[in-house]
Amino acid sequence: MHQALKDLLDLLDLEQIEEDMFRGQSRSAVVPRVFGGQVAAQALVAAGRTVPADRHAHSLHAYFLVAGDPGAPIVYTVDRIRDGRSFTTRRVVAVQHGRPIFHLSASFQTYEEGLDHQAPMPPAPDPESLPTAAELLPRYADSVLSPDVVARMLEAREAVDLRYVDAPPFAFVGKPQPPRSQVWFKAGGKLADDPLLHVCLATYVSDMTLLDSVLLAHGRGGWAVGDVVGASLDHAMWFHRPFRADEWLLYDQESPSASGGRGLGQARIYTQDGDLAITVIQEGVVRVPR
């Protein structure tokens, strides 16, 4: 297993300090704050560890309240809202320096048969035909991105193989594009057969590129370029069908709206076989610097 993936799995392996209280470590991301996907994934780990093993996450709804400090641990307190015959609901509050920085509600369900239909998978090239981050990102060093930013982006993506179907938003600075973006992603190594782990890895990755389609619509390069100031506000996911995060997943993203200093991204995540695995919606702050 690649060391970067091992480090990420260690980051998600929370320390239990009380029955419903867990502590997670932090690390800096491309921007000087805790990566939102890390907090969401850790909170889901905390919730999942208070739920029977036969109940799997089917949805989460979260709010990012305050930017996290990458130099301090995060304490996650789980509130056992409800344990029903089929569904279990948990609420998680993440606290740093004595104040809440993140809220998450998650619901878990026992397996059952039911009606089944889905939106078809859109066309996309074979992921193996696309350049890796290590091949793609250095092309933009000096011309668009500083070498330091490229290095930090590569470090942030060492644990996950994430490949753009088309060029990333910073390739289109000043050239507005249709508000759509696709990436393929998978963990950079084999994962254990724990459904919660795969859901948490997908949650972690889901915050990486979802607002790219907002940037593309306005010809903005993004946080790495510095032509917008942004942060995630809220995040929702619905897990429809089983999947593995160590196998290729297509993240098909679009932005239906941006207004009031906010941008909305929505997406569907498909397995390589065409199964709709996850639906994601996120709104974020997207401001043009004065």
# chains A, B, ... in the order shown; residues from 1 in each chain; ligands from 1
>>> residues_around(residues="Gly265 (chain A)", least_positions_apart="3", cutoff="12 Å", atoms="only C-alpha atoms", output="PyMOL selection string")
chain A and resi 179-181+206-217+232-237+251-258+262+268+279-286
>>> closest_atom_pairs(of="region 153-269 of chain A", to="region 117-138 of chain A", cutoff="10 Å", atoms="only C-alpha atoms", output="Markdown table")
| residue | atom | partner | partner_atom | distance |
| --- | --- | --- | --- | --- |
| A:Met153 | CA | A:Leu137 | CA | 8.1 |
| A:Leu154 | CA | A:Ala134 | CA | 6.7 |
| A:Glu155 | CA | A:Ala134 | CA | 9.8 |
| A:Arg157 | CA | A:Ala133 | CA | 7.5 |
| A:Glu158 | CA | A:Ala133 | CA | 8.6 |
| A:Val160 | CA | A:Ala133 | CA | 9.6 |
| A:Asp161 | CA | A:Thr132 | CA | 7.0 |
| A:Leu162 | CA | A:Ala133 | CA | 6.6 |
| A:Arg163 | CA | A:Thr132 | CA | 5.6 |
| A:Tyr164 | CA | A:Leu130 | CA | 7.2 |
| A:Val165 | CA | A:Leu130 | CA | 6.8 |
| A:Asp166 | CA | A:Leu130 | CA | 9.0 |
| A:Ala167 | CA | A:Leu136 | CA | 8.7 |
| A:Pro168 | CA | A:Leu137 | CA | 9.2 |
| A:Gln182 | CA | A:Ala124 | CA | 8.1 |
| A:Val183 | CA | A:Pro127 | CA | 8.5 |
| A:Trp184 | CA | A:Pro127 | CA | 6.1 |
| A:Phe185 | CA | A:Pro127 | CA | 8.3 |
| A:His240 | CA | A:Gln118 | CA | 9.4 |
| A:Trp248 | CA | A:Pro127 | CA | 7.5 |
| A:Leu249 | CA | A:Pro127 | CA | 9.1 |
| A:Leu250 | CA | A:Ala124 | CA | 8.1 |
| A:Asp252 | CA | A:Pro122 | CA | 7.9 |
| A:Arg268 | CA | A:Met121 | CA | 8.8 |
| A:Ile269 | CA | A:Met121 | CA | 8.8 |
>>> atom_distance(atom1="CA of Pro242 (chain A)", atom2="CA of Ala156 (chain A)")
26.3 Å
>>> atom_distance(atom1="CA of His61 (chain A)", atom2="CA of Gln272 (chain A)")
25.9 Å
>>> closest_residue(among="A:Gly68, A:Gly189, A:Pro169, A:Gly230", to="Leu5 (chain A)", atoms="only C-alpha atoms")
A:Gly189
>>> closest_residue(among="A:Ala72, A:Ala245, A:Met21, A:Val93", to="Cys200 (chain A)", atoms="only C-alpha atoms")
A:Ala245
>>> atom_distance(atom1="CA of Leu197 (chain A)", atom2="CA of Gly48 (chain A)")
9.5 Å
>>> residues_around(residues="Lys175 (chain A)", least_positions_apart="2", cutoff="6 Å", atoms="only C-alpha atoms", output="PyMOL selection string")
chain A and resi 172-173+219
>>> residues_around(residues="region 32-36 of chain A", least_positions_apart="4", cutoff="8 Å", atoms="only C-alpha atoms", output="NGL selection string")
:A and (26-28 or 40 or 64 or 67-70 or 204 or 207 or 232)
>>> residues_around(residues="Asp79 (chain A)", least_positions_apart="4", cutoff="7 Å", atoms="only C-alpha atoms", output="list in words")
Arg90, Arg91 and Val92 of chain A
>>> residues_around(residues="Lys190 (chain A)", least_positions_apart="3", cutoff="12 Å", atoms="only C-alpha atoms", output="ChimeraX atom specification")
/A:1-2,5-6,9,159-160,186-187,193-194,197-198,244-248
>>> write_last_selection(atoms="C-alpha atoms", output="JSON list (two decimals), in the first residue's frame")
[["chain", "number", "residue", "atom", "x", "y", "z"],
["A", 1, "MET", "CA", 0.00, 0.00, 0.00],
["A", 2, "HIS", "CA", 1.25, 3.47, -0.91],
["A", 5, "LEU", "CA", -2.92, 6.08, 1.35],
["A", 6, "LYS", "CA", -1.82, 4.50, 4.62],
["A", 9, "LEU", "CA", -6.45, 5.70, 6.42],
["A", 159, "ALA", "CA", -3.52, 8.90, -1.65],
["A", 160, "VAL", "CA", -6.17, 9.10, -4.38],
["A", 186, "LYS", "CA", -10.17, 5.65, -6.85],
["A", 187, "ALA", "CA", -8.06, 5.03, -3.76],
["A", 193, "ASP", "CA", -13.78, -5.02, 2.82],
["A", 194, "ASP", "CA", -15.47, -2.57, 5.19],
["A", 197, "LEU", "CA", -14.47, 2.70, 4.91],
["A", 198, "HIS", "CA", -15.43, 2.88, 1.22],
["A", 244, "ARG", "CA", -15.76, 0.10, -3.78],
["A", 245, "ALA", "CA", -13.65, 3.23, -3.46],
["A", 246, "ASP", "CA", -10.56, 1.29, -4.59],
["A", 247, "GLU", "CA", -12.18, 0.74, -8.00],
["A", 248, "TRP", "CA", -12.74, 3.46, -10.59]]
>>> select_by_dssp(residues="region 79-228 of chain A", states="strand (DSSP E)", output="compact mmCIF listing (two decimals) with all heavy atoms, in the first residue's frame")
# COMPACT_ATOMS: atom_id res chain seq x y z
N ASP A 79 -24.35 12.15 18.80
CA ASP A 79 -25.65 12.13 19.48
C ASP A 79 -26.49 11.04 18.83
O ASP A 79 -26.76 11.07 17.63
CB ASP A 79 -26.33 13.50 19.32
CG ASP A 79 -27.55 13.65 20.20
OD1 ASP A 79 -27.90 12.70 20.91
OD2 ASP A 79 -28.17 14.74 20.15
N ARG A 80 -26.91 10.07 19.63
CA ARG A 80 -27.70 8.93 19.11
C ARG A 80 -29.16 9.36 19.00
O ARG A 80 -29.96 9.10 19.90
CB ARG A 80 -27.53 7.71 20.00
CG ARG A 80 -26.09 7.25 20.11
CD ARG A 80 -25.96 6.01 20.98
NE ARG A 80 -24.57 5.61 21.14
CZ ARG A 80 -24.10 4.37 20.91
NH1 ARG A 80 -24.94 3.42 20.54
NH2 ARG A 80 -22.82 4.10 21.06
N ILE A 81 -29.52 9.95 17.88
CA ILE A 81 -30.85 10.53 17.71
C ILE A 81 -31.94 9.47 17.73
O ILE A 81 -32.96 9.59 18.41
CB ILE A 81 -30.92 11.33 16.40
CG1 ILE A 81 -29.89 12.47 16.42
CG2 ILE A 81 -32.33 11.90 16.18
CD1 ILE A 81 -30.13 13.50 17.48
N ARG A 82 -31.74 8.39 16.95
CA ARG A 82 -32.81 7.38 16.83
C ARG A 82 -32.23 6.05 16.39
O ARG A 82 -31.36 5.99 15.52
CB ARG A 82 -33.86 7.83 15.84
CG ARG A 82 -35.04 6.87 15.68
CD ARG A 82 -36.11 7.42 14.74
NE ARG A 82 -37.26 6.53 14.64
CZ ARG A 82 -37.37 5.55 13.75
NH1 ARG A 82 -36.40 5.33 12.87
NH2 ARG A 82 -38.45 4.77 13.73
N ASP A 83 -32.76 4.97 16.99
CA ASP A 83 -32.48 3.61 16.56
C ASP A 83 -33.81 2.92 16.28
O ASP A 83 -34.47 2.45 17.21
CB ASP A 83 -31.69 2.84 17.63
CG ASP A 83 -30.28 3.36 17.79
OD1 ASP A 83 -29.47 3.15 16.86
OD2 ASP A 83 -29.98 3.98 18.82
N PHE A 87 -33.99 1.98 10.31
CA PHE A 87 -33.12 3.14 10.15
C PHE A 87 -32.51 3.57 11.49
O PHE A 87 -33.15 3.48 12.54
CB PHE A 87 -33.89 4.32 9.55
CG PHE A 87 -34.31 4.11 8.12
CD1 PHE A 87 -35.52 3.51 7.83
CD2 PHE A 87 -33.49 4.51 7.08
CE1 PHE A 87 -35.92 3.31 6.51
CE2 PHE A 87 -33.88 4.32 5.76
CZ PHE A 87 -35.09 3.72 5.47
N THR A 88 -31.28 4.07 11.40
CA THR A 88 -30.57 4.62 12.55
C THR A 88 -30.09 6.02 12.17
O THR A 88 -29.53 6.21 11.09
CB THR A 88 -29.37 3.74 12.93
OG1 THR A 88 -29.84 2.49 13.43
CG2 THR A 88 -28.52 4.41 14.00
N THR A 89 -30.32 6.98 13.06
CA THR A 89 -29.92 8.37 12.78
C THR A 89 -28.93 8.84 13.83
O THR A 89 -29.11 8.61 15.02
CB THR A 89 -31.15 9.30 12.80
OG1 THR A 89 -32.14 8.79 11.90
CG2 THR A 89 -30.77 10.71 12.38
N ARG A 90 -27.88 9.50 13.35
CA ARG A 90 -26.86 10.05 14.23
C ARG A 90 -26.59 11.51 13.87
O ARG A 90 -26.64 11.90 12.71
CB ARG A 90 -25.55 9.25 14.12
CG ARG A 90 -25.66 7.80 14.59
CD ARG A 90 -25.85 7.72 16.08
NE ARG A 90 -25.84 6.35 16.58
CZ ARG A 90 -26.94 5.64 16.84
NH1 ARG A 90 -28.14 6.18 16.63
NH2 ARG A 90 -26.84 4.41 17.32
N ARG A 91 -26.28 12.30 14.89
CA ARG A 91 -25.84 13.67 14.69
C ARG A 91 -24.45 13.82 15.29
O ARG A 91 -24.19 13.33 16.40
CB ARG A 91 -26.81 14.66 15.35
CG ARG A 91 -26.41 16.13 15.14
CD ARG A 91 -27.51 17.06 15.62
NE ARG A 91 -27.84 16.82 17.01
CZ ARG A 91 -29.03 17.06 17.56
NH1 ARG A 91 -30.01 17.51 16.81
NH2 ARG A 91 -29.23 16.84 18.84
N VAL A 92 -23.55 14.49 14.56
CA VAL A 92 -22.16 14.63 15.00
C VAL A 92 -21.79 16.11 15.01
O VAL A 92 -22.09 16.84 14.06
CB VAL A 92 -21.20 13.86 14.07
CG1 VAL A 92 -19.76 13.95 14.60
CG2 VAL A 92 -21.62 12.41 13.93
N VAL A 93 -21.16 16.53 16.09
CA VAL A 93 -20.62 17.89 16.18
C VAL A 93 -19.11 17.78 16.29
O VAL A 93 -18.58 17.05 17.14
CB VAL A 93 -21.18 18.66 17.40
CG1 VAL A 93 -20.57 20.05 17.47
CG2 VAL A 93 -22.69 18.73 17.33
N ALA A 94 -18.40 18.48 15.40
CA ALA A 94 -16.94 18.53 15.44
C ALA A 94 -16.51 19.82 16.13
O ALA A 94 -16.98 20.90 15.79
CB ALA A 94 -16.37 18.48 14.02
N VAL A 95 -15.62 19.69 17.11
CA VAL A 95 -15.21 20.84 17.93
C VAL A 95 -13.70 21.00 17.90
O VAL A 95 -12.95 20.02 18.01
CB VAL A 95 -15.69 20.66 19.38
CG1 VAL A 95 -15.17 21.79 20.27
CG2 VAL A 95 -17.21 20.60 19.44
N GLN A 96 -13.26 22.23 17.75
CA GLN A 96 -11.85 22.60 17.87
C GLN A 96 -11.74 23.87 18.71
O GLN A 96 -12.55 24.79 18.54
CB GLN A 96 -11.24 22.87 16.49
CG GLN A 96 -10.39 21.76 15.93
CD GLN A 96 -9.64 22.19 14.68
OE1 GLN A 96 -10.02 23.11 13.98
NE2 GLN A 96 -8.55 21.51 14.41
N ARG A 99 -15.00 25.33 20.23
CA ARG A 99 -16.17 25.81 19.48
C ARG A 99 -16.47 24.86 18.32
O ARG A 99 -15.55 24.26 17.74
CB ARG A 99 -15.94 27.22 18.95
CG ARG A 99 -14.80 27.36 17.96
CD ARG A 99 -14.72 28.77 17.41
NE ARG A 99 -13.63 28.91 16.45
CZ ARG A 99 -13.43 30.00 15.72
NH1 ARG A 99 -14.24 31.04 15.85
NH2 ARG A 99 -12.42 30.06 14.87
N PRO A 100 -17.74 24.71 17.96
CA PRO A 100 -18.11 23.83 16.85
C PRO A 100 -17.58 24.39 15.53
O PRO A 100 -17.68 25.60 15.26
CB PRO A 100 -19.64 23.85 16.86
CG PRO A 100 -20.02 24.36 18.21
CD PRO A 100 -18.93 25.29 18.62
N ILE A 101 -17.03 23.50 14.71
CA ILE A 101 -16.58 23.90 13.37
C ILE A 101 -17.37 23.19 12.27
O ILE A 101 -17.31 23.60 11.11
CB ILE A 101 -15.07 23.63 13.17
CG1 ILE A 101 -14.78 22.12 13.21
CG2 ILE A 101 -14.24 24.37 14.21
CD1 ILE A 101 -13.38 21.76 12.72
N PHE A 102 -18.18 22.16 12.65
CA PHE A 102 -18.83 21.34 11.63
C PHE A 102 -19.95 20.54 12.30
O PHE A 102 -19.80 20.05 13.41
CB PHE A 102 -17.78 20.39 11.03
CG PHE A 102 -18.28 19.41 10.01
CD1 PHE A 102 -18.43 19.78 8.68
CD2 PHE A 102 -18.59 18.11 10.37
CE1 PHE A 102 -18.87 18.87 7.73
CE2 PHE A 102 -19.03 17.19 9.44
CZ PHE A 102 -19.18 17.57 8.11
N HIS A 103 -21.08 20.46 11.60
CA HIS A 103 -22.21 19.62 12.03
C HIS A 103 -22.52 18.61 10.95
O HIS A 103 -22.51 18.95 9.76
CB HIS A 103 -23.47 20.46 12.25
CG HIS A 103 -23.46 21.28 13.49
ND1 HIS A 103 -24.49 22.11 13.84
CD2 HIS A 103 -22.54 21.41 14.49
CE1 HIS A 103 -24.22 22.71 14.98
NE2 HIS A 103 -23.04 22.31 15.39
N LEU A 104 -22.83 17.39 11.33
CA LEU A 104 -23.24 16.36 10.36
C LEU A 104 -24.39 15.55 10.91
O LEU A 104 -24.39 15.18 12.09
CB LEU A 104 -22.06 15.44 10.03
CG LEU A 104 -22.35 14.24 9.13
CD1 LEU A 104 -21.24 14.07 8.07
CD2 LEU A 104 -22.49 12.94 9.92
N SER A 105 -25.37 15.28 10.07
CA SER A 105 -26.41 14.30 10.37
C SER A 105 -26.28 13.18 9.36
O SER A 105 -26.11 13.43 8.16
CB SER A 105 -27.80 14.92 10.28
OG SER A 105 -28.00 15.88 11.28
N ALA A 106 -26.34 11.95 9.83
CA ALA A 106 -26.20 10.79 8.94
C ALA A 106 -27.27 9.76 9.28
O ALA A 106 -27.65 9.61 10.45
CB ALA A 106 -24.82 10.18 9.07
N SER A 107 -27.73 9.07 8.25
CA SER A 107 -28.75 8.04 8.43
C SER A 107 -28.22 6.72 7.88
O SER A 107 -27.54 6.69 6.84
CB SER A 107 -30.04 8.43 7.72
OG SER A 107 -31.06 7.49 7.96
N PHE A 108 -28.52 5.65 8.58
CA PHE A 108 -28.06 4.31 8.24
C PHE A 108 -29.28 3.38 8.13
O PHE A 108 -30.27 3.57 8.84
CB PHE A 108 -27.10 3.77 9.31
CG PHE A 108 -25.87 4.62 9.52
CD1 PHE A 108 -25.95 5.81 10.23
CD2 PHE A 108 -24.64 4.24 9.00
CE1 PHE A 108 -24.82 6.60 10.43
CE2 PHE A 108 -23.51 5.03 9.20
CZ PHE A 108 -23.60 6.22 9.91
N GLN A 109 -29.19 2.37 7.27
CA GLN A 109 -30.34 1.50 7.01
C GLN A 109 -29.89 0.05 6.89
O GLN A 109 -28.82 -0.24 6.36
CB GLN A 109 -31.03 1.94 5.71
CG GLN A 109 -32.27 1.13 5.35
CD GLN A 109 -32.80 1.43 3.96
OE1 GLN A 109 -32.10 2.03 3.14
NE2 GLN A 109 -34.01 1.01 3.67
N THR A 110 -30.74 -0.85 7.35
CA THR A 110 -30.52 -2.27 7.07
C THR A 110 -30.86 -2.54 5.61
O THR A 110 -31.67 -1.84 5.00
CB THR A 110 -31.41 -3.15 7.96
OG1 THR A 110 -32.78 -2.78 7.76
CG2 THR A 110 -31.05 -2.99 9.42
N VAL A 160 -5.03 9.35 -3.50
CA VAL A 160 -6.17 9.10 -4.38
C VAL A 160 -5.74 9.36 -5.82
O VAL A 160 -5.15 10.40 -6.13
CB VAL A 160 -7.36 10.02 -4.03
CG1 VAL A 160 -8.51 9.81 -5.00
CG2 VAL A 160 -7.81 9.79 -2.60
N ASP A 161 -6.00 8.40 -6.69
CA ASP A 161 -5.74 8.57 -8.12
C ASP A 161 -6.94 9.29 -8.72
O ASP A 161 -8.01 8.70 -8.89
CB ASP A 161 -5.54 7.20 -8.77
CG ASP A 161 -5.01 7.31 -10.20
OD1 ASP A 161 -5.03 8.41 -10.77
OD2 ASP A 161 -4.59 6.26 -10.74
N LEU A 162 -6.80 10.59 -9.01
CA LEU A 162 -7.88 11.41 -9.52
C LEU A 162 -7.47 11.95 -10.89
O LEU A 162 -6.43 12.60 -11.02
CB LEU A 162 -8.18 12.55 -8.55
CG LEU A 162 -9.42 13.41 -8.85
CD1 LEU A 162 -10.04 13.91 -7.55
CD2 LEU A 162 -9.04 14.61 -9.73
N ARG A 163 -8.29 11.66 -11.91
CA ARG A 163 -7.93 12.01 -13.29
C ARG A 163 -9.05 12.82 -13.94
O ARG A 163 -10.21 12.37 -13.98
CB ARG A 163 -7.65 10.75 -14.10
CG ARG A 163 -6.61 9.83 -13.46
CD ARG A 163 -6.17 8.73 -14.37
NE ARG A 163 -5.26 7.80 -13.69
CZ ARG A 163 -4.54 6.87 -14.30
NH1 ARG A 163 -4.61 6.75 -15.63
NH2 ARG A 163 -3.75 6.06 -13.61
N TYR A 164 -8.71 13.99 -14.44
CA TYR A 164 -9.67 14.85 -15.13
C TYR A 164 -9.97 14.30 -16.52
O TYR A 164 -9.04 13.95 -17.27
CB TYR A 164 -9.12 16.26 -15.27
CG TYR A 164 -9.16 17.08 -14.00
CD1 TYR A 164 -8.09 17.09 -13.12
CD2 TYR A 164 -10.28 17.85 -13.70
CE1 TYR A 164 -8.13 17.85 -11.96
CE2 TYR A 164 -10.33 18.62 -12.54
CZ TYR A 164 -9.25 18.62 -11.68
OH TYR A 164 -9.29 19.36 -10.53
N ARG A 180 -19.79 22.16 -16.53
CA ARG A 180 -19.77 20.72 -16.33
C ARG A 180 -18.33 20.25 -16.18
O ARG A 180 -17.41 20.82 -16.80
CB ARG A 180 -20.42 19.97 -17.49
CG ARG A 180 -21.90 20.25 -17.67
CD ARG A 180 -22.50 19.29 -18.70
NE ARG A 180 -22.36 17.90 -18.26
CZ ARG A 180 -23.25 17.28 -17.49
NH1 ARG A 180 -24.32 17.92 -17.05
NH2 ARG A 180 -23.07 16.02 -17.13
N SER A 181 -18.14 19.21 -15.40
CA SER A 181 -16.80 18.66 -15.20
C SER A 181 -16.92 17.18 -14.85
O SER A 181 -17.88 16.77 -14.17
CB SER A 181 -16.08 19.41 -14.07
OG SER A 181 -14.81 18.85 -13.82
N GLN A 182 -15.97 16.40 -15.32
CA GLN A 182 -15.93 14.98 -14.97
C GLN A 182 -14.52 14.62 -14.51
O GLN A 182 -13.53 15.08 -15.08
CB GLN A 182 -16.27 14.11 -16.19
CG GLN A 182 -17.72 14.10 -16.60
CD GLN A 182 -17.97 13.16 -17.77
OE1 GLN A 182 -17.11 12.95 -18.64
NE2 GLN A 182 -19.15 12.55 -17.80
N VAL A 183 -14.46 13.79 -13.48
CA VAL A 183 -13.20 13.17 -13.08
C VAL A 183 -13.46 11.71 -12.75
O VAL A 183 -14.57 11.33 -12.33
CB VAL A 183 -12.55 13.87 -11.85
CG1 VAL A 183 -12.20 15.31 -12.15
CG2 VAL A 183 -13.45 13.78 -10.62
N TRP A 184 -12.46 10.89 -12.97
CA TRP A 184 -12.45 9.52 -12.45
C TRP A 184 -11.59 9.52 -11.19
O TRP A 184 -10.58 10.22 -11.12
CB TRP A 184 -11.84 8.57 -13.46
CG TRP A 184 -12.67 8.21 -14.66
CD1 TRP A 184 -12.60 8.77 -15.91
CD2 TRP A 184 -13.66 7.18 -14.73
NE1 TRP A 184 -13.51 8.16 -16.75
CE2 TRP A 184 -14.17 7.17 -16.06
CE3 TRP A 184 -14.18 6.26 -13.81
CZ2 TRP A 184 -15.16 6.28 -16.49
CZ3 TRP A 184 -15.17 5.38 -14.23
CH2 TRP A 184 -15.64 5.39 -15.55
N PHE A 185 -11.96 8.70 -10.21
CA PHE A 185 -11.12 8.59 -9.03
C PHE A 185 -11.22 7.21 -8.41
O PHE A 185 -12.21 6.49 -8.58
CB PHE A 185 -11.46 9.66 -7.98
CG PHE A 185 -12.75 9.45 -7.25
CD1 PHE A 185 -12.80 8.68 -6.09
CD2 PHE A 185 -13.93 10.04 -7.68
CE1 PHE A 185 -13.99 8.49 -5.39
CE2 PHE A 185 -15.13 9.85 -7.00
CZ PHE A 185 -15.15 9.08 -5.85
N LYS A 186 -10.18 6.86 -7.68
CA LYS A 186 -10.17 5.65 -6.85
C LYS A 186 -9.04 5.79 -5.84
O LYS A 186 -8.10 6.57 -6.04
CB LYS A 186 -9.98 4.38 -7.69
CG LYS A 186 -8.63 4.26 -8.35
CD LYS A 186 -8.46 2.90 -9.02
CE LYS A 186 -7.08 2.78 -9.68
NZ LYS A 186 -6.87 1.42 -10.24
N ALA A 187 -9.13 5.04 -4.76
CA ALA A 187 -8.06 5.03 -3.76
C ALA A 187 -6.79 4.49 -4.42
O ALA A 187 -6.84 3.65 -5.31
CB ALA A 187 -8.45 4.17 -2.57
